[in-house]
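Q: structure_4.txt (compact mmCIF, C-alpha atoms and all ligand atoms) pasted underneath:
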# COMPACT_ATOMS: atom_id res chain seq x y z
CA MET A 1 -208.18 117.04 -34.52
CA THR A 2 -206.38 119.76 -32.72
CA TRP A 3 -203.35 121.71 -33.74
CA GLU A 4 -201.98 122.74 -30.41
CA THR A 5 -199.50 125.50 -29.83
CA SER A 6 -195.85 124.98 -29.10
CA ASP A 7 -194.63 124.61 -25.58
CA SER A 8 -191.19 123.58 -26.70
CA GLU A 9 -189.46 126.04 -24.40
CA GLY A 10 -191.46 124.90 -21.43
CA ALA A 11 -192.58 128.47 -20.82
CA LYS A 12 -196.16 128.00 -21.92
CA PRO A 13 -198.13 125.08 -20.58
CA THR A 14 -200.32 123.73 -23.34
CA GLU A 15 -203.52 124.44 -21.38
CA THR A 16 -202.58 128.09 -21.03
CA ALA A 17 -201.53 128.41 -24.63
CA ARG A 18 -204.83 126.93 -25.74
CA GLY A 19 -206.79 129.38 -23.67
CA ASP A 20 -208.32 126.76 -21.40
CA ARG A 21 -207.07 128.54 -18.30
CA PRO A 22 -209.78 128.92 -15.66
CA GLY A 23 -211.11 132.46 -15.61
CA ASP A 24 -209.94 133.18 -19.12
CA ALA A 25 -213.16 134.79 -20.23
CA ALA A 26 -212.05 135.55 -23.76
CA GLY A 27 -211.04 131.92 -24.20
CA GLY A 28 -207.94 133.01 -26.08
CA GLY A 29 -205.29 133.02 -23.36
CA ASP A 30 -202.21 134.71 -24.77
CA LEU A 31 -202.95 133.36 -28.22
CA ILE A 32 -202.61 135.61 -31.22
CA LEU A 33 -205.07 133.54 -33.23
CA ARG A 34 -207.36 130.73 -32.30
CA GLY A 35 -209.60 128.56 -34.46
CA GLU A 36 -212.40 126.39 -33.11
CA ASP A 37 -214.15 123.81 -35.24
CA VAL A 38 -213.32 125.84 -38.33
CA THR A 39 -215.11 124.85 -41.50
CA LYS A 40 -214.78 126.56 -44.85
CA GLU A 41 -217.03 125.78 -47.78
CA TYR A 42 -216.96 127.18 -51.28
CA GLN A 43 -220.08 127.30 -53.39
CA THR A 44 -219.61 126.94 -57.12
CA GLY A 45 -222.89 126.70 -58.99
CA THR A 46 -224.77 123.82 -57.40
CA GLN A 47 -221.64 122.26 -55.96
CA THR A 48 -220.34 122.79 -52.42
CA VAL A 49 -216.67 122.13 -51.74
CA ARG A 50 -215.77 121.63 -48.07
CA ALA A 51 -212.16 122.81 -48.07
CA LEU A 52 -211.75 122.69 -44.26
CA LYS A 53 -213.81 120.31 -42.15
CA GLY A 54 -213.91 121.46 -38.54
CA ILE A 55 -210.31 122.06 -37.49
CA ASP A 56 -208.96 123.58 -34.26
CA PHE A 57 -205.78 125.58 -33.94
CA GLY A 58 -203.93 128.09 -31.80
CA ILE A 59 -200.94 130.33 -32.48
CA ALA A 60 -198.96 131.82 -29.60
CA PRO A 61 -196.18 134.43 -29.75
CA SER A 62 -192.95 133.11 -31.32
CA ASP A 63 -194.53 129.84 -32.52
CA PHE A 64 -193.17 128.39 -35.75
CA VAL A 65 -195.78 126.23 -37.48
CA ALA A 66 -195.40 124.55 -40.87
CA ILE A 67 -198.52 123.61 -42.83
CA VAL A 68 -197.95 120.77 -45.27
CA GLY A 69 -200.22 118.56 -47.34
CA PRO A 70 -201.10 117.49 -50.86
CA SER A 71 -202.52 119.80 -53.50
CA GLY A 72 -206.14 120.72 -52.79
CA SER A 73 -205.96 119.71 -49.11
CA GLY A 74 -206.91 123.21 -47.88
CA LYS A 75 -203.56 124.87 -47.13
CA SER A 76 -204.27 128.14 -48.96
CA THR A 77 -207.78 128.20 -47.54
CA LEU A 78 -206.34 127.91 -44.04
CA LEU A 79 -203.70 130.56 -44.74
CA ASN A 80 -206.43 132.93 -45.97
CA LEU A 81 -208.35 132.43 -42.73
CA LEU A 82 -205.23 132.92 -40.62
CA GLY A 83 -204.49 136.09 -42.58
CA LEU A 84 -208.01 137.46 -41.98
CA LEU A 85 -208.47 137.54 -45.74
CA ASP A 86 -211.54 135.36 -45.34
CA VAL A 87 -213.90 134.17 -42.60
CA PRO A 88 -215.04 130.61 -41.84
CA THR A 89 -218.38 129.25 -42.98
CA ASP A 90 -218.79 127.56 -39.58
CA GLY A 91 -216.84 127.61 -36.35
CA ALA A 92 -214.84 130.61 -35.16
CA VAL A 93 -211.49 132.26 -35.74
CA SER A 94 -210.53 134.75 -33.06
CA LEU A 95 -207.80 137.35 -33.03
CA ARG A 96 -206.64 137.94 -29.47
CA GLY A 97 -209.96 136.60 -28.19
CA GLN A 98 -212.17 138.56 -30.60
CA ASP A 99 -214.25 136.61 -33.11
CA VAL A 100 -213.17 137.90 -36.54
CA SER A 101 -216.65 137.25 -37.99
CA THR A 102 -217.94 140.12 -35.86
CA PHE A 103 -215.56 142.64 -37.49
CA SER A 104 -216.71 144.80 -40.37
CA ASP A 105 -214.63 144.41 -43.56
CA ALA A 106 -212.88 147.71 -42.84
CA ASP A 107 -212.13 146.64 -39.28
CA ARG A 108 -210.81 143.28 -40.41
CA THR A 109 -208.51 145.02 -42.91
CA ARG A 110 -207.27 147.43 -40.26
CA LYS A 111 -206.62 144.67 -37.74
CA ARG A 112 -204.92 142.54 -40.40
CA LYS A 113 -202.60 145.39 -41.27
CA ARG A 114 -201.64 145.85 -37.65
CA ALA A 115 -201.32 142.23 -36.57
CA ILE A 116 -200.20 140.23 -39.60
CA GLY A 117 -197.36 140.38 -42.11
CA PHE A 118 -197.21 138.38 -45.35
CA VAL A 119 -194.28 136.86 -47.23
CA PHE A 120 -194.69 135.04 -50.56
CA GLN A 121 -192.72 132.68 -52.75
CA SER A 122 -192.49 135.28 -55.52
CA PHE A 123 -191.54 138.16 -53.21
CA TYR A 124 -193.97 140.60 -54.88
CA LEU A 125 -191.62 143.56 -54.72
CA ILE A 126 -192.46 146.60 -56.85
CA PRO A 127 -189.73 146.72 -59.51
CA THR A 128 -189.75 150.52 -59.88
CA LEU A 129 -189.16 151.12 -56.18
CA THR A 130 -185.88 150.76 -54.29
CA ALA A 131 -185.48 148.26 -51.47
CA LEU A 132 -186.07 151.07 -48.96
CA GLU A 133 -189.20 152.31 -50.77
CA ASN A 134 -190.56 148.75 -51.01
CA VAL A 135 -190.25 148.35 -47.25
CA GLU A 136 -191.94 151.73 -46.69
CA MET A 137 -194.76 150.85 -49.09
CA PRO A 138 -197.33 149.50 -46.60
CA ARG A 139 -197.06 152.81 -44.75
CA MET A 140 -197.15 155.01 -47.84
CA LEU A 141 -200.07 157.01 -46.47
CA ASP A 142 -198.52 157.21 -43.03
CA LYS A 143 -198.68 160.58 -41.30
CA THR A 144 -195.13 160.25 -39.96
CA PRO A 145 -192.95 159.57 -43.02
CA VAL A 146 -189.71 160.33 -41.17
CA LYS A 147 -190.42 157.63 -38.59
CA THR A 148 -191.38 155.22 -41.35
CA ARG A 149 -188.12 155.86 -43.20
CA GLU A 150 -186.08 155.29 -40.06
CA ARG A 151 -188.02 152.12 -39.25
CA ALA A 152 -187.59 150.83 -42.82
CA LYS A 153 -183.84 151.45 -42.68
CA THR A 154 -183.61 149.71 -39.31
CA LEU A 155 -185.49 146.71 -40.67
CA LEU A 156 -183.32 146.49 -43.78
CA ARG A 157 -180.22 146.60 -41.60
CA ARG A 158 -181.88 144.00 -39.39
CA VAL A 159 -182.21 141.59 -42.32
CA GLY A 160 -178.63 142.23 -43.40
CA LEU A 161 -179.28 144.67 -46.24
CA GLY A 162 -178.03 147.93 -44.76
CA ASP A 163 -175.80 148.36 -47.82
CA ARG A 164 -178.59 147.76 -50.36
CA LEU A 165 -181.13 150.43 -49.40
CA ASP A 166 -181.12 152.14 -52.79
CA HIS A 167 -180.93 149.02 -54.92
CA TYR A 168 -183.85 148.07 -57.15
CA PRO A 169 -185.26 144.53 -56.99
CA ASP A 170 -183.59 143.47 -60.25
CA GLU A 171 -180.25 144.43 -58.71
CA LEU A 172 -180.78 141.98 -55.84
CA SER A 173 -180.37 138.20 -55.55
CA GLY A 174 -183.37 135.98 -54.79
CA GLY A 175 -182.39 135.68 -51.13
CA GLN A 176 -181.91 139.44 -50.87
CA LYS A 177 -185.33 140.04 -52.47
CA GLN A 178 -186.91 137.75 -49.90
CA ARG A 179 -185.11 139.65 -47.14
CA VAL A 180 -186.57 142.91 -48.45
CA ALA A 181 -190.01 141.25 -48.49
CA ILE A 182 -189.52 140.09 -44.90
CA ALA A 183 -188.45 143.59 -43.83
CA ARG A 184 -191.56 144.97 -45.57
CA SER A 185 -193.76 142.45 -43.76
CA LEU A 186 -192.43 143.73 -40.42
CA ILE A 187 -193.01 147.44 -41.00
CA ASN A 188 -196.17 147.49 -38.85
CA ASP A 189 -194.67 145.33 -36.07
CA PRO A 190 -196.95 142.34 -36.67
CA ALA A 191 -197.45 139.62 -34.07
CA LEU A 192 -197.73 137.01 -36.81
CA LEU A 193 -195.90 136.44 -40.08
CA LEU A 194 -197.60 134.25 -42.69
CA ALA A 195 -195.12 132.86 -45.18
CA ASP A 196 -196.44 131.12 -48.29
CA GLU A 197 -193.62 128.93 -49.67
CA PRO A 198 -190.98 131.46 -48.55
CA THR A 199 -188.10 129.29 -49.75
CA GLY A 200 -189.81 128.02 -52.90
CA ASN A 201 -187.71 130.17 -55.26
CA LEU A 202 -184.45 129.86 -53.34
CA ASP A 203 -181.63 127.34 -53.32
CA ARG A 204 -181.08 125.32 -50.17
CA ASP A 205 -178.31 127.48 -48.70
CA THR A 206 -180.27 130.68 -49.25
CA GLY A 207 -183.38 129.00 -47.86
CA ASP A 208 -181.40 128.07 -44.75
CA GLU A 209 -180.39 131.71 -44.34
CA ILE A 210 -184.05 132.76 -44.48
CA LEU A 211 -184.91 130.14 -41.84
CA ALA A 212 -182.09 131.43 -39.62
CA LEU A 213 -183.51 134.93 -40.02
CA PHE A 214 -186.99 133.65 -39.06
CA ASP A 215 -185.47 132.12 -35.94
CA GLU A 216 -183.84 135.43 -34.99
CA LEU A 217 -187.08 137.32 -35.53
CA ARG A 218 -188.99 134.87 -33.36
CA ALA A 219 -186.47 135.16 -30.57
CA GLU A 220 -185.93 138.91 -30.73
CA GLU A 221 -189.32 140.27 -31.82
CA ASP A 222 -191.55 137.48 -30.45
CA VAL A 223 -193.12 137.23 -33.88
CA ALA A 224 -194.95 133.96 -34.62
CA ILE A 225 -194.41 132.40 -38.04
CA VAL A 226 -196.79 130.14 -39.92
CA THR A 227 -195.58 128.83 -43.23
CA VAL A 228 -197.06 126.72 -45.98
CA THR A 229 -194.21 124.73 -47.44
CA HIS A 230 -193.32 121.86 -49.74
CA ASP A 231 -189.71 121.98 -48.54
CA ALA A 232 -189.07 119.17 -46.05
CA TYR A 233 -186.13 120.99 -44.48
CA VAL A 234 -188.38 123.96 -43.63
CA ALA A 235 -190.93 121.69 -41.94
CA GLU A 236 -188.11 120.04 -40.00
CA GLU A 237 -187.26 123.41 -38.43
CA ALA A 238 -190.82 124.06 -37.27
CA ASP A 239 -192.12 123.48 -33.72
CA ARG A 240 -195.32 122.08 -35.18
CA VAL A 241 -196.10 120.41 -38.46
CA VAL A 242 -199.75 120.57 -39.45
CA ASN A 243 -200.47 117.89 -42.01
CA LEU A 244 -203.65 118.80 -43.87
CA VAL A 245 -205.31 116.01 -45.80
CA ASP A 246 -208.62 116.64 -47.52
CA GLY A 247 -209.55 119.46 -45.15
CA VAL A 248 -208.67 117.79 -41.86
CA ILE A 249 -205.52 117.81 -39.75
CA GLU A 250 -204.14 114.33 -40.11
CA ASP A 251 -201.21 114.48 -37.81
CA ALA A 252 -200.11 117.40 -35.66
CA GLY A 253 -197.03 116.96 -33.58
CA GLU A 254 -193.63 118.20 -32.71
CA THR A 255 -190.85 117.42 -35.09
CA ALA A 256 -188.18 114.93 -34.14
CA ALA A 257 -185.78 117.80 -33.58
CA ASP A 258 -188.18 119.20 -30.95
CA GLY A 259 -188.78 122.33 -32.87
CA GLY A 260 -185.25 123.32 -33.81
CA HIS A 261 -185.85 126.68 -32.16
CA GLY A 262 -182.27 127.79 -31.96
CA ALA A 263 -182.85 130.58 -29.49
N1 LIG A 301 -212.62 130.06 -54.49
C1 LIG A 301 -212.88 128.75 -54.54
N2 LIG A 301 -214.04 128.30 -55.04
C2 LIG A 301 -214.32 126.97 -55.08
N3 LIG A 301 -213.50 126.02 -54.62
C3 LIG A 301 -212.32 126.41 -54.11
C4 LIG A 301 -211.95 127.79 -54.05
N4 LIG A 301 -210.71 127.87 -53.48
C5 LIG A 301 -210.34 126.60 -53.21
N5 LIG A 301 -211.30 125.72 -53.59
C6 LIG A 301 -211.27 124.26 -53.40
O1 LIG A 301 -211.01 124.03 -52.03
C7 LIG A 301 -210.11 122.93 -51.87
C8 LIG A 301 -208.87 123.39 -51.10
O2 LIG A 301 -208.16 124.33 -51.92
P1 LIG A 301 -206.82 125.06 -51.43
O3 LIG A 301 -206.44 126.04 -52.48
O4 LIG A 301 -207.03 125.54 -50.06
O5 LIG A 301 -205.80 123.83 -51.40
P2 LIG A 301 -204.19 123.83 -51.26
O6 LIG A 301 -203.86 122.77 -50.29
O7 LIG A 301 -203.70 125.20 -50.99
O8 LIG A 301 -203.74 123.38 -52.72
P3 LIG A 301 -202.36 123.71 -53.53
O9 LIG A 301 -201.24 123.02 -52.78
O10 LIG A 301 -202.61 123.07 -54.87
O11 LIG A 301 -202.22 125.20 -53.60
C9 LIG A 301 -209.81 122.41 -53.27
O12 LIG A 301 -210.65 121.33 -53.53
C10 LIG A 301 -210.15 123.60 -54.16
O13 LIG A 301 -210.56 123.16 -55.43
Take the structure in this file and express it as structure tokens.
A:
Amino acid sequence: MTWETSDSEGAKPTETARGDRPGDAAGGGDLILRGEDVTKEYQTGTQTVRALKGIDFGIAPSDFVAIVGPSGSGKSTLLNLLGLLDVPTDGAVSLRGQDVSTFSDADRTRKRKRAIGFVFQSFYLIPTLTALENVEMPRMLDKTPVKTRERAKTLLRRVGLGDRLDHYPDELSGGQKQRVAIARSLINDPALLLADEPTGNLDRDTGDEILALFDELRAEEDVAIVTVTHDAYVAEEADRVVNLVDGVIEDAGETAADGGHGA
């Protein structure tokens, strides 16, 4: 089954978003990521586990996709493929039309760093660094530290933490920690943000604030967001809900609210 991209704003015909446009040699259209017949198997001893069984997907700029499904259905496996942390056993994942299997490990890492930001349930901030230093972290070896500092400050202001730059993580609330993590994930101007249970450690109101921030980032920075979530209210806000069951997409469709894209 196919997980198609969002055309909820009417700006992107589905055919174009899926890269089926005539003359589109790369086959990726304006997609950030595309998966075709993606299978992922794990080998443990003599046993082979087929975690993903031939799924198709496409992610266009400013998409908001929620991946849901029972434990063991393949959500983390899919997120790892989307994050270029792994490659499929069969089928192809392409980043802007380039098959990721053809990249060397170093190339894949470099492209991941440029194109993709990560946000996690447990924030993963470094406790001995300030909010500002945490956001600068991914660019620690950057040759232009002044620019990085300015960008990090801008991002922290952007997520509403302009007055918390020098606070350490244990001086921040859960929602503020997640905002720092989101600012950090944006330091390299990614096209795609992968969020693994981003509201899992937050109360509902704080989770809603994070979703509102996601919406702003999609509208203003064109960043696409793919989240794995157990929170129904997060899935309700998404343009697309991908329901993974035993390695296949059971039901992909727009939510009743037609995406809830507030922009
Ligand atoms: N490294 C691995 N080696 C062997 N099998 C694996 C490996 N990683 C995952 N699996 C298997 O692949 C299947 C999918 O696992 P995955 O972690 O993607 O599921 P999930 O939907 O993220 O589950 P959960 O919601 O519990 O985190 C499961 O059957 C799991 O046991």
Q: Counting all atoms listed in the file, which protein, DNA or RNA residues come within 12 Å of ligand LIG 301 (chain A), given as a short mmCIF file (atom, residue, chain, number, x, y, z; two decimals) with C-alpha atoms, in the frame of the given file?
A:
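After the write, result03.cif holds the following:
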data_model
loop_
_atom_site.label_atom_id
_atom_site.label_comp_id
_atom_site.auth_asym_id
_atom_site.auth_seq_id
_atom_site.Cartn_x
_atom_site.Cartn_y
_atom_site.Cartn_z
CA THR A 39 -215.11 124.85 -41.50
CA LYS A 40 -214.78 126.56 -44.85
CA GLU A 41 -217.03 125.78 -47.78
CA TYR A 42 -216.96 127.18 -51.28
CA GLN A 43 -220.08 127.30 -53.39
CA THR A 44 -219.61 126.94 -57.12
CA GLY A 45 -222.89 126.70 -58.99
CA THR A 46 -224.77 123.82 -57.40
CA GLN A 47 -221.64 122.26 -55.96
CA THR A 48 -220.34 122.79 -52.42
CA VAL A 49 -216.67 122.13 -51.74
CA ARG A 50 -215.77 121.63 -48.07
CA ALA A 51 -212.16 122.81 -48.07
CA LEU A 52 -211.75 122.69 -44.26
CA LYS A 53 -213.81 120.31 -42.15
CA ILE A 67 -198.52 123.61 -42.83
CA VAL A 68 -197.95 120.77 -45.27
CA GLY A 69 -200.22 118.56 -47.34
CA PRO A 70 -201.10 117.49 -50.86
CA SER A 71 -202.52 119.80 -53.50
CA GLY A 72 -206.14 120.72 -52.79
CA SER A 73 -205.96 119.71 -49.11
CA GLY A 74 -206.91 123.21 -47.88
CA LYS A 75 -203.56 124.87 -47.13
CA SER A 76 -204.27 128.14 -48.96
CA THR A 77 -207.78 128.20 -47.54
CA LEU A 78 -206.34 127.91 -44.04
CA LEU A 79 -203.70 130.56 -44.74
CA ASN A 80 -206.43 132.93 -45.97
CA LEU A 81 -208.35 132.43 -42.73
CA ASP A 86 -211.54 135.36 -45.34
CA ASP A 196 -196.44 131.12 -48.29
CA GLU A 197 -193.62 128.93 -49.67
CA THR A 227 -195.58 128.83 -43.23
CA VAL A 228 -197.06 126.72 -45.98
CA THR A 229 -194.21 124.73 -47.44
CA HIS A 230 -193.32 121.86 -49.74
CA VAL A 242 -199.75 120.57 -39.45
CA ASN A 243 -200.47 117.89 -42.01
CA LEU A 244 -203.65 118.80 -43.87
CA VAL A 245 -205.31 116.01 -45.80
CA ASP A 246 -208.62 116.64 -47.52
CA GLY A 247 -209.55 119.46 -45.15
CA VAL A 248 -208.67 117.79 -41.86
CA ILE A 249 -205.52 117.81 -39.75
#
Q: Which value, in Å to one decimal, gives the distance between atom CA of Tyr168 of chain A and atom CA of Leu129 of chain A?
A: 6.2 Å
Q: Would you mind telling me which residue in A:Thr89, A:Thr206, A:Ser173, A:Asn201 lies nearest to Ala131 of chain A when using all atoms listed in the file?
A: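 Of all the options, A:Ser173 lies closest to Ala131 of chain A.
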Q: Compile the contact shell of Leu95 of chain A as a PyMOL selection string: residues with an atom at most 8 Å away, counting only C-alpha atoms, same-chain residues fewer than 5 positions apart removed.
A: chain A and resi 31-34+100
Q: Using atom CA of Ala60 of chain A and atom CA of Gly207 of chain A as the two end points, give the distance in Å to one decimal.
A: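 Separation of atom CA of Ala60 of chain A and atom CA of Gly207 of chain A: 24.2 Å.
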Q: I'd like to know which of A:Gly35, A:Arg218, A:Ile187, A:Pro127 is closest to Ser94 of chain A, using all atoms listed in the file.
A: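 Distance minimum relative to Ser94 of chain A lands on A:Gly35.
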Q: What lies within 12 Å of Asp105 of chain A using all atoms listed in the file, ignoring chain neighbours under 6 positions off, as a list in words?
A: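 My list of contacting residues is Leu84, Leu85, Asp86, Val87, Lys111 and Arg112 of chain A.
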Q: I'd like the neighbourhood of Ser122 of chain A as a list in words, where a residue qualifies if any of its atoms comes within 9 Å (using all atoms listed in the file), though same-chain residues fewer than 3 positions away should be ignored.
A: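 Here the qualifying residues turn out to be Val119, Leu125, Gln178, Glu197, Pro198, Gly200 and Asn201 of chain A.
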Q: What is the distance, in Å and to one decimal place, between atom CA of Ile225 of chain A and atom CA of Arg240 of chain A?
A: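 So the answer is 10.7 Å.
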Q: Could you check which residues have any atom within 10 Å of (-201.1, 131.5, -34.4), counting only C-alpha atoms with coordinates taken straight from the file, and then list them as a PyMOL selection string?
A: chain A and resi 4-6+31-35+57-65+82-83+95-96+191-194+223-226
Q: My list of candidates is A:Asp166, A:Ile182, A:Ile210, A:Arg204. Which is closest to Tyr233 of chain A when distances are computed with all atoms listed in the file?
A: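 Of all the options, A:Arg204 lies closest to Tyr233 of chain A.
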Q: Could you put an axis-aligned box around every listed atom of segment 178-197 of chain A, padded by 3 Å on each side, and send me its centre and edge lengths in Å to one decimal, as AutoDock Vina command-line options?
A:
--center_x -191.4 --center_y 138.2 --center_z -42.0 --size_x 18.6 --size_y 24.6 --size_z 21.8
